[in-house]
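First up is the structure itself, then whatever we jot down about it.
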Number of protein chains: 2
Amino acid sequence: MSSNRPRVPTRAETGRAHAEVGSDERRARVAWSRVLEPRRERSGEEPSLLHSQVVALGHVEAWHRLVDGDLPRCASARAHVADVDVDGELTRVAQVGSRVVIPGDADWPAAFDHPDISPHLVHVRGDACLADLARRAVAVVGSRASSGYGEAIAREMGAGLAHHGWTTVSGAAYGIDGAAHLGALAVDGPVVAVLPCGPERAYPEGHRRLIDAVAQAGVVVTELATGTVARRHRFLARNRLIAALGQACVVVEAGLRSGSLNTAGWAEALHRPIGAVPGPVTQMSSAGCHEWIRLERAMLVTDTAEVLGLAAPVGQAPDEVVERLGPARAPDVLSSAQRRIHDLLRVGAGVDTATLATDLVAPVEEVIGQLALMQLQGWAVQDDAGMWRDPGR
Amino acid sequence: MSSNRPRVPTRAETGRAHAEVGSDERRARVAWSRVLEPRRERSGEEPSLLHSQVVALGHVEAWHRLVDGDLPRCASARAHVADVDVDGELTRVAQVGSRVVIPGDADWPAAFDHPDISPHLVHVRGDACLADLARRAVAVVGSRASSGYGEAIAREMGAGLAHHGWTTVSGAAYGIDGAAHLGALAVDGPVVAVLPCGPERAYPEGHRRLIDAVAQAGVVVTELATGTVARRHRFLARNRLIAALGQACVVVEAGLRSGSLNTAGWAEALHRPIGAVPGPVTQMSSAGCHEWIRLERAMLVTDTAEVLGLAAPVGQAPDEVVERLGPARAPDVLSSAQRRIHDLLRVGAGVDTATLATDLVAPVEEVIGQLALMQLQGWAVQDDAGMWRDPGR
């Protein structure tokens, strides 16, 4: 017998664990946040199966099944159910000035409902409304090992987005993240920081004052339970919230192995437009940006106007942006996959999803995801018969 | 009566002008080079009509018709026929160490046969064979108002291309052109300079020694008659030869209104892959490069390997390049228009040109041009029945 075998709760403990939650959605989500870490991989790994079960059953039902050991691969989560103290967690969260936000709350951003995102909850600190801030937001990310060049651009970007009323979402890290936050803060702009640790912590510690300033001007967000410290896998999970909160994602400066490209990868999986700022090819600090542009995973952007050209839905870009760039054109804002769909929509009088998938040699779910975003941004319409068209025709 | 009305040659003069050429193709081309400047616009302006007539009739026949005033819109060219002295021109050309190269000569590059290029002739100075040099060549262009950053990259590019046995073609201008030539010369690499003036001149004058060095290591080329000085419209015409001589065109550094983008425009019209090197977005000196990348008129390139990935036909990139970039993939080397064709070729078992044009909502001639280049580079094959396929299928 291995001493590492997960502990099984006693009968008395399971009774208490059931009672902790009862039929309360919020309490169920708080309970889950203490036993199951956020998903961090887009592929179907072991944790994802349990996550999928929770999403499928709902947090309340899933909690009771977890307590009874009646879920697949739940042993390690179940080992902790006896320790869950929902009231204690709610008290700790309130003590640090945060509130627990779950689906149905005014603060809850619609983007979190995506099955690949779906946090149990988020702790939100700051008076602003997260859902409002996220309605017009850009994820601005980049290297911690940034150059003065990259930092200057990130500051400009934060301030420039604020100038147009757009929110800067980032991760409060050293380097590009911090510079983007500072740029937005410098002009009292809307700003969101998503942390890779519990709500009572600041990460990095050296950015504690910056993070407090973000909470004053906007909100600081984390889906992690109190007491959770920053670890590599938590950065990866945190990145998906940053990507989800932006209508677009901009990589300001990134080397080939920068973690910020993980955030861009999430934005890609969510079919968000991605921008990357070029830099001198003689420095490796922009090599990741160049690689993504070269492979057409990102659009080259040089300023805020071009970023808003990517982020704003068709017809909703600020006047100043339209003046500079002209009205949005499909080739400028759609990803290469979306453009291939757009091309096909322009040819015929109307086409169904299955035909599109066949013509594109792409999985139907992928095509559905792309079409949904294109519909949202005004590049595709679906008639009552389910046929897709280019609205411009 | 306007005193500006073109002079009409006398009977005696037309007799001499006919005799100057007789039935000799080379003499006819030399004669034409003295009365009709190269085409410089891709659109159908007045000079183009006369050019087209010359191409259609052949230089000998066209010359005699010109002398007789029997060509459309030929008045201004005809006004000079009395002054043409073919032997004098041949002597002057030989005196400056140049030779006259026309179609059929070993030196004549196949790319010059394109109807949009078709110089009457080129004056070539240097022992190397222009056609050989052009077989593996990249047009490297950029601003005269270059930065130290851009010049360093241009030098690296010239040297890097030489390292792989590729020729650097440029225009000997100050700034990027000169730096590219210097880079190639520094490693005794193959190099071609195309001048915007007659063969006895150096332009710019300050690059006379550089131009002489190019003639030592490779060749100096011009299609302009002796005595012709550099003028704006001649730069534009010269640019089409630079674009034609490269299998790809790289813009190293260019502001938004840089003349080097005119060269890139010629490369585009010739369906050559175009690369652009990014730089700091905080300096306008790379803004033209960024604009072309953003609009997907150019691929972002950061070094020689990526340039050769664009320039080398499928399966013929240097090992070092393949090692670094992997085998060429269609999305990396094809233009967006070519990729749309490639997508369509991949779907079906074989498709004819007219159907492709319909599906792409593009003119048939445009599609034919793209297919010809794709066939040359190994991305498309045509069967005996005229149907196009993706060779990879």
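Ordering of the structure tokens sets the chain letters (A, B, ...), residue numbers begin anew at 1 in every chain, and ligands are numbered from 1 in the order given.
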
Contact residues around A:Ile117 with only C-alpha atoms at 10 Å, ignoring same-chain residues under 6 positions, as a ChimeraX atom specification: /A:38-40,42,111,237-238,240-241,243-244,266,270

Can I get the selection written as a PDB file, in the first residue's frame, with N, CA and C atoms?
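Result file again25.pdb:
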```
ATOM      1  N   PRO A  38      -7.932  25.033 -11.686  1.00  0.00           N
ATOM      2  CA  PRO A  38      -8.456  25.341 -13.030  1.00  0.00           C
ATOM      3  C   PRO A  38      -7.826  24.457 -14.081  1.00  0.00           C
ATOM      4  N   ARG A  39      -8.543  24.262 -15.189  1.00  0.00           N
ATOM      5  CA  ARG A  39      -7.951  23.542 -16.317  1.00  0.00           C
ATOM      6  C   ARG A  39      -6.888  24.425 -16.927  1.00  0.00           C
ATOM      7  N   ARG A  40      -5.872  23.790 -17.427  1.00  0.00           N
ATOM      8  CA  ARG A  40      -4.771  24.573 -17.956  1.00  0.00           C
ATOM      9  C   ARG A  40      -4.343  24.114 -19.340  1.00  0.00           C
ATOM     10  N   ARG A  42      -5.438  22.767 -23.282  1.00  0.00           N
ATOM     11  CA  ARG A  42      -6.537  22.757 -24.224  1.00  0.00           C
ATOM     12  C   ARG A  42      -6.819  21.334 -24.711  1.00  0.00           C
ATOM     13  N   ALA A 111     -17.701  35.855 -21.689  1.00  0.00           N
ATOM     14  CA  ALA A 111     -16.616  35.051 -22.282  1.00  0.00           C
ATOM     15  C   ALA A 111     -16.230  33.875 -21.386  1.00  0.00           C
ATOM     16  N   ALA A 237      -2.905  28.370 -16.686  1.00  0.00           N
ATOM     17  CA  ALA A 237      -4.357  28.442 -16.509  1.00  0.00           C
ATOM     18  C   ALA A 237      -4.816  29.900 -16.479  1.00  0.00           C
ATOM     19  N   ARG A 238      -4.067  30.725 -15.782  1.00  0.00           N
ATOM     20  CA  ARG A 238      -4.398  32.145 -15.686  1.00  0.00           C
ATOM     21  C   ARG A 238      -4.436  32.794 -17.070  1.00  0.00           C
ATOM     22  N   ARG A 240      -5.473  31.713 -19.817  1.00  0.00           N
ATOM     23  CA  ARG A 240      -6.708  31.533 -20.593  1.00  0.00           C
ATOM     24  C   ARG A 240      -7.754  32.573 -20.194  1.00  0.00           C
ATOM     25  N   LEU A 241      -7.732  33.038 -18.928  1.00  0.00           N
ATOM     26  CA  LEU A 241      -8.676  34.082 -18.515  1.00  0.00           C
ATOM     27  C   LEU A 241      -8.293  35.422 -19.155  1.00  0.00           C
ATOM     28  N   ALA A 243      -6.771  35.825 -22.003  1.00  0.00           N
ATOM     29  CA  ALA A 243      -7.166  35.740 -23.421  1.00  0.00           C
ATOM     30  C   ALA A 243      -8.675  35.889 -23.567  1.00  0.00           C
ATOM     31  N   ALA A 244      -9.420  35.248 -22.671  1.00  0.00           N
ATOM     32  CA  ALA A 244     -10.887  35.267 -22.791  1.00  0.00           C
ATOM     33  C   ALA A 244     -11.451  36.658 -22.547  1.00  0.00           C
ATOM     34  N   TRP A 266      -4.048  30.643 -26.363  1.00  0.00           N
ATOM     35  CA  TRP A 266      -5.428  30.599 -25.862  1.00  0.00           C
ATOM     36  C   TRP A 266      -6.331  31.510 -26.693  1.00  0.00           C
ATOM     37  N   LEU A 270      -9.611  30.448 -28.865  1.00  0.00           N
ATOM     38  CA  LEU A 270     -10.903  31.118 -28.678  1.00  0.00           C
ATOM     39  C   LEU A 270     -11.297  31.925 -29.914  1.00  0.00           C
TER      40      LEU A 270
END
```

Interface residues on chain B facing chain A, 7 Å, only C-alpha atoms, written as a ChimeraX atom specification: /B:278-281,293-295,299-300,302,332,347,359

Atoms to include: C-alpha atoms. Write the selected residues as a PDB file, in the first residue's frame.
```pdb
ATOM      1  CA  PRO B 278      10.397  44.549 -39.722  1.00  0.00           C
ATOM      2  CA  GLY B 279      11.993  47.122 -37.487  1.00  0.00           C
ATOM      3  CA  PRO B 280      11.149  49.294 -34.511  1.00  0.00           C
ATOM      4  CA  VAL B 281       7.593  50.638 -34.815  1.00  0.00           C
ATOM      5  CA  ILE B 293       3.371  42.878 -44.055  1.00  0.00           C
ATOM      6  CA  ARG B 294       0.151  44.028 -42.399  1.00  0.00           C
ATOM      7  CA  LEU B 295      -1.687  44.054 -45.723  1.00  0.00           C
ATOM      8  CA  MET B 299       5.963  38.090 -45.885  1.00  0.00           C
ATOM      9  CA  LEU B 300       7.809  39.058 -42.747  1.00  0.00           C
ATOM     10  CA  THR B 302      14.127  38.301 -40.416  1.00  0.00           C
ATOM     11  CA  ASP B 332       4.841  30.210 -45.867  1.00  0.00           C
ATOM     12  CA  VAL B 347     -10.144  20.238 -52.530  1.00  0.00           C
ATOM     13  CA  ASP B 359     -14.434  30.527 -57.759  1.00  0.00           C
TER      14      ASP B 359
END
```

Stretch 53-69 of chain B environment, 9 Å, only C-alpha atoms, sequence neighbours closer than 4 positions dropped, as number ranges by chain: B: 8-9, 14-15, 17-18, 21-29, 31-32, 48-49, 74-75, 77-78, 81-82, 115, 118, 120

Let's have the selection written as a PDB file, in the first residue's frame, with C-alpha atoms.
```pdb
ATOM      1  CA  VAL B   8       8.759  65.076 -89.104  1.00  0.00           C
ATOM      2  CA  PRO B   9      11.876  63.596 -90.805  1.00  0.00           C
ATOM      3  CA  THR B  14      13.802  58.514 -93.527  1.00  0.00           C
ATOM      4  CA  GLY B  15      15.951  56.807 -96.138  1.00  0.00           C
ATOM      5  CA  ALA B  17      16.917  55.851 -90.855  1.00  0.00           C
ATOM      6  CA  HIS B  18      15.685  52.769 -92.742  1.00  0.00           C
ATOM      7  CA  VAL B  21      18.665  49.174 -89.250  1.00  0.00           C
ATOM      8  CA  GLY B  22      18.005  47.175 -92.371  1.00  0.00           C
ATOM      9  CA  SER B  23      16.866  43.732 -91.255  1.00  0.00           C
ATOM     10  CA  ASP B  24      19.241  43.485 -88.270  1.00  0.00           C
ATOM     11  CA  GLU B  25      17.516  42.741 -84.961  1.00  0.00           C
ATOM     12  CA  ARG B  26      20.383  44.052 -82.821  1.00  0.00           C
ATOM     13  CA  ARG B  27      20.646  47.307 -84.784  1.00  0.00           C
ATOM     14  CA  ALA B  28      16.864  47.707 -84.617  1.00  0.00           C
ATOM     15  CA  ARG B  29      16.928  47.365 -80.850  1.00  0.00           C
ATOM     16  CA  ALA B  31      17.856  52.244 -82.702  1.00  0.00           C
ATOM     17  CA  TRP B  32      14.694  51.871 -80.632  1.00  0.00           C
ATOM     18  CA  SER B  48       2.542  51.458 -73.471  1.00  0.00           C
ATOM     19  CA  LEU B  49       0.530  51.350 -76.693  1.00  0.00           C
ATOM     20  CA  CYS B  74       4.586  57.447 -82.644  1.00  0.00           C
ATOM     21  CA  ALA B  75       5.127  61.155 -83.367  1.00  0.00           C
ATOM     22  CA  ALA B  77       9.600  58.815 -81.119  1.00  0.00           C
ATOM     23  CA  ARG B  78       9.617  59.504 -84.857  1.00  0.00           C
ATOM     24  CA  VAL B  81      14.746  58.799 -85.925  1.00  0.00           C
ATOM     25  CA  ALA B  82      16.845  61.152 -88.036  1.00  0.00           C
ATOM     26  CA  PRO B 115       5.608  41.432 -71.781  1.00  0.00           C
ATOM     27  CA  SER B 118      10.714  43.529 -72.368  1.00  0.00           C
ATOM     28  CA  HIS B 120      14.755  46.827 -76.077  1.00  0.00           C
TER      29      HIS B 120
END
```

Close residues, stretch 179-191 of chain B itself excluded, 7 Å, only C-alpha atoms, min 5 positions apart in chain, as JSON, numbers by chain: {"B": [133, 140, 151, 154, 155, 156, 157, 158, 159, 162, 166, 167, 168, 169, 214, 217, 218, 219]}

Members of stretch 47-245 of chain B assigned helix (DSSP H, G or I) by DSSP, as a PyMOL selection string: chain B and resi 47-57+59-67+75-78+81-83+86-95+110-113+130-135+148-163+176-186+205-217+232-245

Selection near A:Val124, 12 Å with only C-alpha atoms, sequence-local residues under 3 positions removed, as an NGL selection string: :A and (93-94 or 96-102 or 105-109 or 121 or 127-131 or 192-195 or 198-200 or 214-216 or 218-225)

Atom-to-atom span, atom CA of A:Thr226 and atom CA of A:Cys197, Å: 7.9 Å
